[in-house]
Amino acid sequence: MTCDQQRFERDVASHEMTVIREDGVNRHLRFKKSGSSSYWFEILTWPNALCLHGDMGTYVFSRLTDMFEFFRTDQKRANEGELRINLGYWSEKLQAVDANSRKGSATQFSAEKFTRVINEYRLRWIRDGRDALTKEQRRELWEAVNDEVLRYIEDGEHAAYQHAQDFHWAAIPPGRHHTYVFEDLWEHNFEEYTFHFIWCCYAIAWAIRQYDAAKVESPAAVAA
């Protein structure tokens with residue numbers, strides 16, 4: 001499951017902003033639905049840092065003295081109504097993560113990516129083996145990948161990698177010996193950004209937009 005702008009905006013549709021502190025780049029803003037703690041979050045900034053903390057985890061970023069300026073950069077290129085986030089660049093500025101998970105990371109193992117790469121190997125083997133392997137051998141090779149690798153993906157990253165590394169299938173057509181192994185798997189990236197991290201990136205972009213809009217409408221109220 002992934003997060004998009006539509007999902008995020010649905011989660012925060014009734015959120016209200018409360019300015020707890022406003023002193024230059026030192027800010028403390030809270031966003032939550034009145035009477036509910038679902039999807040609440042707060043943003044704190046101080047020189048060279050921004051911390052988002054709340055129901056979807058805690059993420060600390062560092063890049064510029066005023067981190068609102070850092071995150072506004074991508075919004076300047078956004079289409080009307082778009083919350084533009086830059087997952088790759090923003091994740092490089094992470095200093096700390098507590099994502100309500102054991103790993104505490106902005107990324108996680110993607111079973112979908114792993115399956116896609118394994119299937120790319122398998123399809124290439126079958127295509128290249130049309131002249132060297134019999135139809136029955138090609139079927140055996142295809143099913144061997146299912147039985148010895150793909151069936152273990154749901155057991156997690158370690159199990160998936162281990163079974164792929166251990167995979168070894170050999171056929172001996174007349175006069176030839178063909179061996180199939182998953183070489184150079186380490187060259188592939190099987191990571192994807194977590195739902196929580198994507199959600200929180202949208203939260204930062206959205207929160208700054210709410211903050212900026214409020215300052216335009218009533219500067220004194222926001223600074224109070």
# chains A, B, ... in the order shown; residues from 1 in each chain; ligands from 1
>>> residues_around(residues="Ser38 (chain A)", least_positions_apart="4", cutoff="8 Å", atoms="only C-alpha atoms", output="number ranges by chain")
A: 32-33, 55
>>> select_by_dssp(residues="region 32-185 of chain A", states="strand (DSSP E or B)", output="PyMOL selection string")
chain A and resi 32-33+41-46+49-54+57-61+94-98+107-109+169-171+178-180
>>> write_last_selection(atoms="N, CA and C atoms", output="mmCIF file, in the first residue's frame")
data_model
loop_
_atom_site.group_PDB
_atom_site.id
_atom_site.type_symbol
_atom_site.label_atom_id
_atom_site.label_comp_id
_atom_site.auth_asym_id
_atom_site.auth_seq_id
_atom_site.Cartn_x
_atom_site.Cartn_y
_atom_site.Cartn_z
ATOM 1 N N LYS A 32 -4.453 19.003 14.060
ATOM 2 C CA LYS A 32 -5.276 17.880 14.472
ATOM 3 C C LYS A 32 -6.754 18.224 14.348
ATOM 4 N N LYS A 33 -7.562 17.197 14.293
ATOM 5 C CA LYS A 33 -9.003 17.358 14.283
ATOM 6 C C LYS A 33 -9.489 17.551 15.705
ATOM 7 N N PHE A 41 -0.487 15.617 14.006
ATOM 8 C CA PHE A 41 0.957 15.782 13.918
ATOM 9 C C PHE A 41 1.321 17.213 14.298
ATOM 10 N N GLU A 42 2.564 17.397 14.636
ATOM 11 C CA GLU A 42 3.070 18.726 14.936
ATOM 12 C C GLU A 42 4.410 18.908 14.249
ATOM 13 N N ILE A 43 4.712 20.156 13.962
ATOM 14 C CA ILE A 43 5.978 20.500 13.320
ATOM 15 C C ILE A 43 6.714 21.497 14.195
ATOM 16 N N LEU A 44 7.955 21.170 14.473
ATOM 17 C CA LEU A 44 8.815 22.062 15.238
ATOM 18 C C LEU A 44 10.029 22.405 14.383
ATOM 19 N N THR A 45 10.388 23.680 14.360
ATOM 20 C CA THR A 45 11.592 24.092 13.646
ATOM 21 C C THR A 45 12.479 24.905 14.575
ATOM 22 N N TRP A 46 13.760 24.773 14.351
ATOM 23 C CA TRP A 46 14.774 25.600 14.999
ATOM 24 C C TRP A 46 15.915 25.713 13.997
ATOM 25 N N ALA A 49 16.990 22.839 11.404
ATOM 26 C CA ALA A 49 16.285 21.588 11.681
ATOM 27 C C ALA A 49 14.775 21.755 11.590
ATOM 28 N N LEU A 50 14.134 20.681 11.149
ATOM 29 C CA LEU A 50 12.673 20.567 11.199
ATOM 30 C C LEU A 50 12.335 19.173 11.695
ATOM 31 N N CYS A 51 11.441 19.111 12.657
ATOM 32 C CA CYS A 51 10.993 17.839 13.207
ATOM 33 C C CYS A 51 9.491 17.724 13.015
ATOM 34 N N LEU A 52 9.056 16.659 12.364
ATOM 35 C CA LEU A 52 7.642 16.317 12.308
ATOM 36 C C LEU A 52 7.417 15.158 13.264
ATOM 37 N N HIS A 53 6.456 15.328 14.164
ATOM 38 C CA HIS A 53 6.171 14.309 15.171
ATOM 39 C C HIS A 53 4.670 14.110 15.253
ATOM 40 N N GLY A 54 4.242 12.864 15.402
ATOM 41 C CA GLY A 54 2.817 12.647 15.535
ATOM 42 C C GLY A 54 2.405 11.210 15.343
ATOM 43 N N GLY A 57 4.572 8.921 13.055
ATOM 44 C CA GLY A 57 6.000 8.782 13.283
ATOM 45 C C GLY A 57 6.695 10.106 13.503
ATOM 46 N N THR A 58 8.013 10.024 13.642
ATOM 47 C CA THR A 58 8.832 11.210 13.883
ATOM 48 C C THR A 58 9.987 11.230 12.890
ATOM 49 N N TYR A 59 10.170 12.370 12.231
ATOM 50 C CA TYR A 59 11.226 12.528 11.236
ATOM 51 C C TYR A 59 11.910 13.872 11.468
ATOM 52 N N VAL A 60 13.229 13.862 11.514
ATOM 53 C CA VAL A 60 14.001 15.089 11.707
ATOM 54 C C VAL A 60 14.864 15.325 10.469
ATOM 55 N N PHE A 61 14.727 16.510 9.894
ATOM 56 C CA PHE A 61 15.462 16.899 8.688
ATOM 57 C C PHE A 61 16.391 18.073 9.014
ATOM 58 N N LEU A 94 17.466 13.553 5.999
ATOM 59 C CA LEU A 94 17.007 12.986 7.261
ATOM 60 C C LEU A 94 18.165 12.810 8.240
ATOM 61 N N GLN A 95 17.928 13.221 9.470
ATOM 62 C CA GLN A 95 18.914 13.049 10.540
ATOM 63 C C GLN A 95 18.508 11.952 11.518
ATOM 64 N N ALA A 96 17.197 11.760 11.672
ATOM 65 C CA ALA A 96 16.703 10.752 12.608
ATOM 66 C C ALA A 96 15.300 10.333 12.204
ATOM 67 N N VAL A 97 14.975 9.055 12.494
ATOM 68 C CA VAL A 97 13.661 8.519 12.152
ATOM 69 C C VAL A 97 13.175 7.628 13.281
ATOM 70 N N ASP A 98 11.940 7.847 13.701
ATOM 71 C CA ASP A 98 11.238 6.903 14.564
ATOM 72 C C ASP A 98 9.887 6.704 13.900
ATOM 73 N N THR A 107 12.599 3.774 4.411
ATOM 74 C CA THR A 107 12.404 2.804 3.341
ATOM 75 C C THR A 107 12.178 1.411 3.914
ATOM 76 N N GLN A 108 11.688 0.531 3.051
ATOM 77 C CA GLN A 108 11.453 -0.850 3.446
ATOM 78 C C GLN A 108 11.626 -1.758 2.231
ATOM 79 N N PHE A 109 11.783 -3.046 2.504
ATOM 80 C CA PHE A 109 11.910 -4.035 1.432
ATOM 81 C C PHE A 109 10.613 -4.106 0.641
ATOM 82 N N TRP A 169 19.746 -24.252 -10.587
ATOM 83 C CA TRP A 169 19.001 -25.216 -11.421
ATOM 84 C C TRP A 169 19.848 -25.556 -12.630
ATOM 85 N N ALA A 170 19.982 -26.845 -12.910
ATOM 86 C CA ALA A 170 20.845 -27.285 -14.008
ATOM 87 C C ALA A 170 20.092 -28.240 -14.917
ATOM 88 N N ALA A 171 20.337 -28.096 -16.194
ATOM 89 C CA ALA A 171 19.804 -29.014 -17.199
ATOM 90 C C ALA A 171 20.956 -29.508 -18.043
ATOM 91 N N HIS A 178 23.748 -26.581 -18.773
ATOM 92 C CA HIS A 178 23.258 -25.236 -18.493
ATOM 93 C C HIS A 178 22.924 -25.117 -17.006
ATOM 94 N N THR A 179 23.480 -24.089 -16.380
ATOM 95 C CA THR A 179 23.223 -23.830 -14.962
ATOM 96 C C THR A 179 22.619 -22.438 -14.826
ATOM 97 N N TYR A 180 21.594 -22.328 -13.983
ATOM 98 C CA TYR A 180 20.893 -21.057 -13.807
ATOM 99 C C TYR A 180 20.966 -20.634 -12.338
#
>>> closest_atom_pairs(of="region 132-209 of chain A", to="region 16-30 of chain A", cutoff="12 Å", atoms="only C-alpha atoms", output="tab-separated table")
residue	atom	partner	partner_atom	distance
A:Ala203	CA	A:Arg30	CA	11.3
A:Ile204	CA	A:Leu29	CA	10.9
A:Trp206	CA	A:Met17	CA	11.0
A:Ala207	CA	A:Met17	CA	8.2
A:Ile208	CA	A:Leu29	CA	9.8
A:Arg209	CA	A:Met17	CA	11.1
>>> write_last_selection(atoms="C-alpha atoms", output="compact mmCIF listing (two decimals), in the first residue's frame")
# COMPACT_ATOMS: atom_id res chain seq x y z
CA ALA A 203 2.15 16.58 5.80
CA ILE A 204 5.16 18.91 5.73
CA TRP A 206 0.59 20.77 3.37
CA ALA A 207 1.39 22.25 6.79
CA ILE A 208 3.68 24.90 5.33
CA ARG A 209 0.97 25.79 2.83
>>> atom_distance(atom1="CA of Trp199 (chain A)", atom2="CA of Ser91 (chain A)")
12.9 Å
>>> closest_residue(among="A:Cys3, A:Ala214, A:Leu141, A:Ala106", to="Val181 (chain A)", atoms="only C-alpha atoms")
A:Leu141
>>> select_by_dssp(residues="region 71-161 of chain A", states="alpha helix (DSSP H)", output="VMD selection string")
chain A and resid 71 to 75 87 to 92 111 to 128 135 to 148 157 to 161
>>> write_last_selection(atoms="C-alpha atoms", output="short mmCIF file (atom, residue, chain, number, x, y, z; two decimals), in the first residue's frame")
data_model
loop_
_atom_site.label_atom_id
_atom_site.label_comp_id
_atom_site.auth_asym_id
_atom_site.auth_seq_id
_atom_site.Cartn_x
_atom_site.Cartn_y
_atom_site.Cartn_z
CA PHE A 71 10.59 22.59 1.75
CA ARG A 72 9.01 25.56 -0.04
CA THR A 73 11.48 25.17 -2.91
CA ASP A 74 9.61 22.25 -4.48
CA GLN A 75 6.22 23.89 -3.93
CA LEU A 87 11.15 11.82 -1.63
CA GLY A 88 14.67 11.12 -2.86
CA TYR A 89 16.14 14.54 -2.08
CA TRP A 90 14.26 15.02 1.16
CA SER A 91 15.24 11.60 2.48
CA GLU A 92 18.90 12.56 2.01
CA ALA A 111 8.28 -7.63 -2.34
CA GLU A 112 6.85 -6.24 -5.57
CA LYS A 113 10.24 -4.98 -6.79
CA PHE A 114 11.93 -8.22 -5.79
CA THR A 115 9.33 -10.29 -7.65
CA ARG A 116 9.68 -8.12 -10.74
CA VAL A 117 13.46 -8.55 -10.85
CA ILE A 118 13.27 -12.32 -10.27
CA ASN A 119 10.76 -12.59 -13.09
CA GLU A 120 13.05 -10.57 -15.38
CA TYR A 121 15.80 -13.13 -14.80
CA ARG A 122 13.38 -16.00 -15.33
CA LEU A 123 11.89 -14.62 -18.53
CA ARG A 124 15.37 -14.01 -19.94
CA TRP A 125 16.39 -17.58 -19.12
CA ILE A 126 13.31 -19.01 -20.82
CA ARG A 127 13.72 -16.79 -23.87
CA ASP A 128 17.43 -17.51 -24.26
CA LYS A 135 9.73 -27.39 -23.57
CA GLU A 136 9.55 -29.63 -20.52
CA GLN A 137 12.85 -28.30 -19.15
CA ARG A 138 11.70 -24.72 -19.61
CA ARG A 139 8.55 -25.56 -17.66
CA GLU A 140 10.63 -27.19 -14.91
CA LEU A 141 12.89 -24.13 -14.68
CA TRP A 142 9.89 -21.79 -14.49
CA GLU A 143 8.27 -23.82 -11.72
CA ALA A 144 11.56 -24.21 -9.85
CA VAL A 145 11.78 -20.43 -9.48
CA ASN A 146 8.25 -20.42 -8.06
CA ASP A 147 8.92 -23.27 -5.65
CA GLU A 148 12.40 -22.31 -4.48
CA GLU A 157 13.59 -9.73 3.03
CA HIS A 158 16.15 -12.09 4.52
CA ALA A 159 14.31 -15.22 3.40
CA ALA A 160 13.78 -13.83 -0.11
CA TYR A 161 17.45 -12.97 -0.56
#
>>> atom_distance(atom1="CA of Leu64 (chain A)", atom2="CA of Asn79 (chain A)")
24.3 Å
>>> atom_distance(atom1="CA of Tyr152 (chain A)", atom2="CA of Ser110 (chain A)")
13.4 Å
>>> closest_residue(among="A:Phe167, A:Phe197, A:Tyr211, A:Phe70", to="Leu185 (chain A)", atoms="only C-alpha atoms")
A:Phe167
>>> closest_residue(among="A:Lys215, A:Arg84, A:Arg151, A:His163", to="Cys201 (chain A)", atoms="only C-alpha atoms")
A:Arg84
>>> decode(residues="region 27-50 of chain A", atoms="N, CA, C and O atoms", output="PDB file, in the first residue's frame")
ATOM      1  N   ARG A  27       9.646  27.546  15.617  1.00  0.00           N
ATOM      2  CA  ARG A  27       8.199  27.410  15.487  1.00  0.00           C
ATOM      3  C   ARG A  27       7.738  26.102  16.130  1.00  0.00           C
ATOM      4  O   ARG A  27       8.479  25.119  16.185  1.00  0.00           O
ATOM      5  N   HIS A  28       6.482  26.125  16.566  1.00  0.00           N
ATOM      6  CA  HIS A  28       5.826  24.898  17.032  1.00  0.00           C
ATOM      7  C   HIS A  28       4.373  24.980  16.581  1.00  0.00           C
ATOM      8  O   HIS A  28       3.592  25.777  17.103  1.00  0.00           O
ATOM      9  N   LEU A  29       4.030  24.166  15.591  1.00  0.00           N
ATOM     10  CA  LEU A  29       2.692  24.160  15.020  1.00  0.00           C
ATOM     11  C   LEU A  29       2.070  22.796  15.248  1.00  0.00           C
ATOM     12  O   LEU A  29       2.733  21.766  15.066  1.00  0.00           O
ATOM     13  N   ARG A  30       0.800  22.782  15.592  1.00  0.00           N
ATOM     14  CA  ARG A  30       0.097  21.506  15.785  1.00  0.00           C
ATOM     15  C   ARG A  30      -1.102  21.437  14.852  1.00  0.00           C
ATOM     16  O   ARG A  30      -1.818  22.418  14.662  1.00  0.00           O
ATOM     17  N   PHE A  31      -1.305  20.252  14.257  1.00  0.00           N
ATOM     18  CA  PHE A  31      -2.403  20.042  13.320  1.00  0.00           C
ATOM     19  C   PHE A  31      -3.187  18.813  13.764  1.00  0.00           C
ATOM     20  O   PHE A  31      -2.639  17.704  13.838  1.00  0.00           O
ATOM     21  N   LYS A  32      -4.453  19.003  14.060  1.00  0.00           N
ATOM     22  CA  LYS A  32      -5.276  17.880  14.472  1.00  0.00           C
ATOM     23  C   LYS A  32      -6.754  18.224  14.348  1.00  0.00           C
ATOM     24  O   LYS A  32      -7.120  19.405  14.289  1.00  0.00           O
ATOM     25  N   LYS A  33      -7.562  17.197  14.293  1.00  0.00           N
ATOM     26  CA  LYS A  33      -9.003  17.358  14.283  1.00  0.00           C
ATOM     27  C   LYS A  33      -9.489  17.551  15.705  1.00  0.00           C
ATOM     28  O   LYS A  33      -9.057  16.840  16.616  1.00  0.00           O
ATOM     29  N   SER A  34     -10.357  18.497  15.904  1.00  0.00           N
ATOM     30  CA  SER A  34     -10.869  18.768  17.242  1.00  0.00           C
ATOM     31  C   SER A  34     -11.533  17.521  17.822  1.00  0.00           C
ATOM     32  O   SER A  34     -12.379  16.890  17.180  1.00  0.00           O
ATOM     33  N   GLY A  35     -11.108  17.147  19.024  1.00  0.00           N
ATOM     34  CA  GLY A  35     -11.699  16.008  19.702  1.00  0.00           C
ATOM     35  C   GLY A  35     -11.203  14.660  19.226  1.00  0.00           C
ATOM     36  O   GLY A  35     -11.738  13.624  19.622  1.00  0.00           O
ATOM     37  N   SER A  36     -10.191  14.638  18.371  1.00  0.00           N
ATOM     38  CA  SER A  36      -9.673  13.369  17.849  1.00  0.00           C
ATOM     39  C   SER A  36      -8.154  13.425  17.760  1.00  0.00           C
ATOM     40  O   SER A  36      -7.576  14.478  17.499  1.00  0.00           O
ATOM     41  N   SER A  37      -7.530  12.268  17.982  1.00  0.00           N
ATOM     42  CA  SER A  37      -6.075  12.196  17.858  1.00  0.00           C
ATOM     43  C   SER A  37      -5.650  11.461  16.588  1.00  0.00           C
ATOM     44  O   SER A  37      -4.454  11.241  16.357  1.00  0.00           O
ATOM     45  N   SER A  38      -6.605  11.086  15.741  1.00  0.00           N
ATOM     46  CA  SER A  38      -6.273  10.358  14.515  1.00  0.00           C
ATOM     47  C   SER A  38      -5.494  11.259  13.548  1.00  0.00           C
ATOM     48  O   SER A  38      -5.932  12.364  13.231  1.00  0.00           O
ATOM     49  N   TYR A  39      -4.354  10.772  13.133  1.00  0.00           N
ATOM     50  CA  TYR A  39      -3.498  11.448  12.151  1.00  0.00           C
ATOM     51  C   TYR A  39      -3.033  12.833  12.617  1.00  0.00           C
ATOM     52  O   TYR A  39      -2.670  13.671  11.798  1.00  0.00           O
ATOM     53  N   TRP A  40      -3.004  13.070  13.909  1.00  0.00           N
ATOM     54  CA  TRP A  40      -2.512  14.358  14.378  1.00  0.00           C
ATOM     55  C   TRP A  40      -0.997  14.420  14.148  1.00  0.00           C
ATOM     56  O   TRP A  40      -0.301  13.407  14.095  1.00  0.00           O
ATOM     57  N   PHE A  41      -0.487  15.617  14.006  1.00  0.00           N
ATOM     58  CA  PHE A  41       0.957  15.782  13.918  1.00  0.00           C
ATOM     59  C   PHE A  41       1.321  17.213  14.298  1.00  0.00           C
ATOM     60  O   PHE A  41       0.471  18.105  14.312  1.00  0.00           O
ATOM     61  N   GLU A  42       2.564  17.397  14.636  1.00  0.00           N
ATOM     62  CA  GLU A  42       3.070  18.726  14.936  1.00  0.00           C
ATOM     63  C   GLU A  42       4.410  18.908  14.249  1.00  0.00           C
ATOM     64  O   GLU A  42       5.119  17.935  13.960  1.00  0.00           O
ATOM     65  N   ILE A  43       4.712  20.156  13.962  1.00  0.00           N
ATOM     66  CA  ILE A  43       5.978  20.500  13.320  1.00  0.00           C
ATOM     67  C   ILE A  43       6.714  21.497  14.195  1.00  0.00           C
ATOM     68  O   ILE A  43       6.140  22.511  14.613  1.00  0.00           O
ATOM     69  N   LEU A  44       7.955  21.170  14.473  1.00  0.00           N
ATOM     70  CA  LEU A  44       8.815  22.062  15.238  1.00  0.00           C
ATOM     71  C   LEU A  44      10.029  22.405  14.383  1.00  0.00           C
ATOM     72  O   LEU A  44      10.619  21.521  13.746  1.00  0.00           O
ATOM     73  N   THR A  45      10.388  23.680  14.360  1.00  0.00           N
ATOM     74  CA  THR A  45      11.592  24.092  13.646  1.00  0.00           C
ATOM     75  C   THR A  45      12.479  24.905  14.575  1.00  0.00           C
ATOM     76  O   THR A  45      12.000  25.604  15.463  1.00  0.00           O
ATOM     77  N   TRP A  46      13.760  24.773  14.351  1.00  0.00           N
ATOM     78  CA  TRP A  46      14.774  25.600  14.999  1.00  0.00           C
ATOM     79  C   TRP A  46      15.915  25.713  13.997  1.00  0.00           C
ATOM     80  O   TRP A  46      15.865  25.062  12.939  1.00  0.00           O
ATOM     81  N   PRO A  47      16.900  26.543  14.218  1.00  0.00           N
ATOM     82  CA  PRO A  47      17.929  26.750  13.194  1.00  0.00           C
ATOM     83  C   PRO A  47      18.516  25.444  12.671  1.00  0.00           C
ATOM     84  O   PRO A  47      19.009  24.618  13.436  1.00  0.00           O
ATOM     85  N   ASN A  48      18.406  25.253  11.350  1.00  0.00           N
ATOM     86  CA  ASN A  48      18.947  24.091  10.636  1.00  0.00           C
ATOM     87  C   ASN A  48      18.215  22.789  10.909  1.00  0.00           C
ATOM     88  O   ASN A  48      18.769  21.712  10.661  1.00  0.00           O
ATOM     89  N   ALA A  49      16.990  22.839  11.404  1.00  0.00           N
ATOM     90  CA  ALA A  49      16.285  21.588  11.681  1.00  0.00           C
ATOM     91  C   ALA A  49      14.775  21.755  11.590  1.00  0.00           C
ATOM     92  O   ALA A  49      14.223  22.827  11.885  1.00  0.00           O
ATOM     93  N   LEU A  50      14.134  20.681  11.149  1.00  0.00           N
ATOM     94  CA  LEU A  50      12.673  20.567  11.199  1.00  0.00           C
ATOM     95  C   LEU A  50      12.335  19.173  11.695  1.00  0.00           C
ATOM     96  O   LEU A  50      12.887  18.177  11.208  1.00  0.00           O
TER      97      LEU A  50
END
